[in-house]
Amino acid sequence: MKTNWIQNQDGSIYHLKLKKSQLAPIIITVGDPERVSIIAKYLDRIETEVVAREFHTITGYLGGQLMSIISTGIGTDNIDIVLNEIDALFNIDLQTGLPHKHPQQLKIIRLGTSGAIQREIEIDQILITDYCIALDNTLSFYPDSNQTFKQIPSSSHTIPGLQGLHITRADPALLEHFNSETVCIGNTVTAAGFYAPQGRPTRISQANLLSEIESWNIPNIGKISNIEMETSMIYGLSTLMGHQALSINAILANRITGKFSNNPEKTIKIMIRFALEKILSLFGQ
């Protein structure tokens, strides 16, 4: 199993350079490594800090609750690395590659930035993702995903190169707990890139992606609220692994109106404080 679950000389897992003892079972994920330090300022005490590539991890206590904050970098391919290595630390014998008989369930909460794709969604809102549609094929490499998740058939869209689009969903209990009058609930699409895959014009000609997604009204789901780059894989892998996951988005832009937040840092801090308060209340703090 040396080439499957690769370990560094100190016994840590290959990419994250973490050991199980350095992670808590409740994990906040962010894309930007610098945001890990911003969130960590709210902790009462830091126990561990590890930096490896784009993966910055801090584990510490908030109100007596041990939690971890880890940066994933951008994209579903990075989520594939991070979630698999986190799950392996908790639930797989790295020497034999065999899963533990009694896997441990983790809580994984994404705090990210996003752009709205409906005119009525205001900039600087905090939006929690209920359903998420994957505009890439990363989840398709896990055969169970085709049986676990519904798909939007290729006949229902004109996005080039994609067959069925997997529809993933937040953990219902976490969604209910985090729901609040101060946030909105929406449906998200996860793109495979930042420019053409999110409908940003470049010198290379492309399809009118945003207009198509803006017009979607999926049966039993509804309109699409926003677009980002990680949530579908977080929801998909968490569901397949038996973890609970939730994605919270700071809406910094409206892609339809072309407007961007005048104070994105303030909106991100509001999201962070909201999430930490809800995490603490999970444990009756």
# chains A, B, ... in the order shown; residues from 1 in each chain; ligands from 1

call {"tool": "select_by_dssp", "arguments": {"residues": "stretch 9-244 of chain A", "states": "helix (DSSP H, G or I)", "output": "PyMOL selection string"}}
result
chain A and resi 20-22+33-40+76-91+138-141+144-148+154-156+172-178+196-198+209-215+231-241

call {"tool": "write_last_selection", "arguments": {"atoms": "C-alpha atoms", "output": "JSON list (two decimals), in the first residue's frame"}}
result
[["chain", "number", "residue", "atom", "x", "y", "z"],
["A", 20, "LYS", "CA", -4.59, 11.88, 13.14],
["A", 21, "SER", "CA", -3.62, 13.41, 16.48],
["A", 22, "GLN", "CA", -3.32, 16.80, 14.74],
["A", 33, "PRO", "CA", -4.37, 29.48, 3.12],
["A", 34, "GLU", "CA", -4.27, 32.99, 4.61],
["A", 35, "ARG", "CA", -7.90, 32.66, 5.74],
["A", 36, "VAL", "CA", -6.86, 29.85, 8.09],
["A", 37, "SER", "CA", -4.90, 32.35, 10.20],
["A", 38, "ILE", "CA", -7.79, 34.83, 10.11],
["A", 39, "ILE", "CA", -10.20, 32.24, 11.54],
["A", 40, "ALA", "CA", -7.60, 30.97, 14.03],
["A", 76, "THR", "CA", -12.59, 19.89, -6.79],
["A", 77, "ASP", "CA", -9.31, 18.15, -7.60],
["A", 78, "ASN", "CA", -7.83, 19.61, -4.41],
["A", 79, "ILE", "CA", -10.94, 18.60, -2.46],
["A", 80, "ASP", "CA", -10.36, 15.05, -3.70],
["A", 81, "ILE", "CA", -6.94, 15.10, -2.03],
["A", 82, "VAL", "CA", -7.95, 16.84, 1.18],
["A", 83, "LEU", "CA", -11.11, 14.89, 2.02],
["A", 84, "ASN", "CA", -9.61, 11.52, 1.13],
["A", 85, "GLU", "CA", -6.52, 12.13, 3.24],
["A", 86, "ILE", "CA", -8.58, 13.46, 6.17],
["A", 87, "ASP", "CA", -10.90, 10.44, 6.00],
["A", 88, "ALA", "CA", -7.93, 8.08, 5.74],
["A", 89, "LEU", "CA", -6.37, 9.50, 8.91],
["A", 90, "PHE", "CA", -9.55, 8.77, 10.85],
["A", 91, "ASN", "CA", -10.90, 5.67, 9.16],
["A", 138, "THR", "CA", -14.37, 14.48, -10.67],
["A", 139, "LEU", "CA", -17.16, 12.76, -8.75],
["A", 140, "SER", "CA", -17.79, 10.43, -11.71],
["A", 141, "PHE", "CA", -14.58, 8.53, -10.91],
["A", 144, "ASP", "CA", -21.09, 4.71, -6.21],
["A", 145, "SER", "CA", -21.83, 8.34, -7.08],
["A", 146, "ASN", "CA", -23.93, 7.27, -10.08],
["A", 147, "GLN", "CA", -26.21, 5.24, -7.78],
["A", 148, "THR", "CA", -26.17, 7.67, -4.84],
["A", 154, "SER", "CA", -27.07, 15.75, -20.93],
["A", 155, "SER", "CA", -30.26, 16.42, -22.91],
["A", 156, "SER", "CA", -31.23, 19.09, -20.35],
["A", 172, "PRO", "CA", -29.97, 17.92, 6.45],
["A", 173, "ALA", "CA", -29.18, 18.17, 10.18],
["A", 174, "LEU", "CA", -26.38, 20.68, 9.66],
["A", 175, "LEU", "CA", -28.50, 22.68, 7.22],
["A", 176, "GLU", "CA", -31.29, 22.92, 9.77],
["A", 177, "HIS", "CA", -28.93, 23.88, 12.58],
["A", 178, "PHE", "CA", -27.20, 26.63, 10.61],
["A", 196, "ALA", "CA", -14.41, 30.05, -19.08],
["A", 197, "PRO", "CA", -15.91, 27.36, -16.79],
["A", 198, "GLN", "CA", -17.61, 30.20, -14.89],
["A", 209, "LEU", "CA", -22.60, 29.51, -19.85],
["A", 210, "LEU", "CA", -23.96, 32.00, -17.30],
["A", 211, "SER", "CA", -27.15, 32.70, -19.24],
["A", 212, "GLU", "CA", -27.91, 29.01, -19.44],
["A", 213, "ILE", "CA", -27.33, 28.33, -15.75],
["A", 214, "GLU", "CA", -29.25, 31.47, -14.74],
["A", 215, "SER", "CA", -32.28, 30.12, -16.63],
["A", 231, "THR", "CA", -18.91, 22.44, -2.82],
["A", 232, "SER", "CA", -20.09, 19.58, -5.05],
["A", 233, "MET", "CA", -17.04, 17.47, -4.22],
["A", 234, "ILE", "CA", -17.25, 18.26, -0.51],
["A", 235, "TYR", "CA", -20.90, 17.23, -0.47],
["A", 236, "GLY", "CA", -20.36, 14.24, -2.75],
["A", 237, "LEU", "CA", -17.40, 12.67, -0.95],
["A", 238, "SER", "CA", -18.85, 13.43, 2.48],
["A", 239, "THR", "CA", -22.07, 11.64, 1.56],
["A", 240, "LEU", "CA", -20.22, 8.62, 0.16],
["A", 241, "MET", "CA", -17.94, 8.47, 3.23]]

call {"tool": "select_by_dssp", "arguments": {"residues": "stretch 147-267 of chain A", "states": "strand (DSSP E or B)", "output": "number ranges by chain"}}
result
A: 150-152, 165-169, 184-190, 217-218, 222-223, 226-228, 244-254, 259-260

call {"tool": "residues_around", "arguments": {"residues": "stretch 46-56 of chain A", "least_positions_apart": "2", "cutoff": "6 Å", "atoms": "only C-alpha atoms", "output": "list in words"}}
result
Pro33, Ile58, Thr59, Gly60, Ile70, Ser71, Thr72 and Gly73 of chain A

call {"tool": "write_last_selection", "arguments": {"atoms": "N, CA, C and O atoms", "output": "mmCIF file, in the first residue's frame"}}
result
data_model
loop_
_atom_site.group_PDB
_atom_site.id
_atom_site.type_symbol
_atom_site.label_atom_id
_atom_site.label_comp_id
_atom_site.auth_asym_id
_atom_site.auth_seq_id
_atom_site.Cartn_x
_atom_site.Cartn_y
_atom_site.Cartn_z
ATOM 1 N N PRO A 33 -5.168 29.794 1.930
ATOM 2 C CA PRO A 33 -4.368 29.477 3.119
ATOM 3 C C PRO A 33 -4.305 30.609 4.140
ATOM 4 O O PRO A 33 -4.235 30.357 5.344
ATOM 5 N N ILE A 58 -4.600 24.494 11.066
ATOM 6 C CA ILE A 58 -4.483 24.892 12.465
ATOM 7 C C ILE A 58 -5.575 24.167 13.244
ATOM 8 O O ILE A 58 -6.749 24.186 12.845
ATOM 9 N N THR A 59 -5.186 23.523 14.338
ATOM 10 C CA THR A 59 -6.128 22.866 15.230
ATOM 11 C C THR A 59 -6.020 23.496 16.604
ATOM 12 O O THR A 59 -4.909 23.701 17.107
ATOM 13 N N GLY A 60 -7.158 23.816 17.189
ATOM 14 C CA GLY A 60 -7.141 24.447 18.505
ATOM 15 C C GLY A 60 -8.511 24.430 19.144
ATOM 16 O O GLY A 60 -9.459 23.814 18.632
ATOM 17 N N ILE A 70 -8.573 24.062 7.858
ATOM 18 C CA ILE A 70 -7.612 23.621 6.853
ATOM 19 C C ILE A 70 -7.919 24.284 5.516
ATOM 20 O O ILE A 70 -9.084 24.401 5.120
ATOM 21 N N SER A 71 -6.886 24.758 4.841
ATOM 22 C CA SER A 71 -7.068 25.317 3.504
ATOM 23 C C SER A 71 -6.945 24.203 2.477
ATOM 24 O O SER A 71 -6.076 23.338 2.573
ATOM 25 N N THR A 72 -7.820 24.241 1.496
ATOM 26 C CA THR A 72 -7.837 23.201 0.469
ATOM 27 C C THR A 72 -7.183 23.640 -0.829
ATOM 28 O O THR A 72 -6.895 22.806 -1.692
ATOM 29 N N GLY A 73 -6.945 24.962 -0.971
ATOM 30 C CA GLY A 73 -6.637 25.445 -2.299
ATOM 31 C C GLY A 73 -7.924 25.484 -3.105
ATOM 32 O O GLY A 73 -9.022 25.272 -2.582
#

call {"tool": "atom_distance", "arguments": {"atom1": "atom CA of A:Ser180", "atom2": "atom CA of A:Asn220"}}
result
22.1 Å

call {"tool": "atom_distance", "arguments": {"atom1": "atom CA of A:Trp216", "atom2": "atom CA of A:Thr182"}}
result
26.0 Å

call {"tool": "atom_distance", "arguments": {"atom1": "atom CA of A:Ser225", "atom2": "atom CA of A:Ala116"}}
result
5.7 Å

call {"tool": "residues_around", "arguments": {"residues": "stretch 247-258 of chain A", "least_positions_apart": "3", "cutoff": "7 Å", "atoms": "only C-alpha atoms", "output": "number ranges by chain"}}
result
A: 109-119, 123-129, 231, 261, 264, 267-268, 271

call {"tool": "closest_residue", "arguments": {"among": "A:Leu94, A:Leu165, A:Leu62, A:Ile121", "to": "A:Ile6", "atoms": "only C-alpha atoms"}}
result
A:Leu94

call {"tool": "residues_around", "arguments": {"residues": "stretch 190-194 of chain A", "least_positions_apart": "6", "cutoff": "9 Å", "atoms": "only C-alpha atoms", "output": "count of residues only"}}
result
19
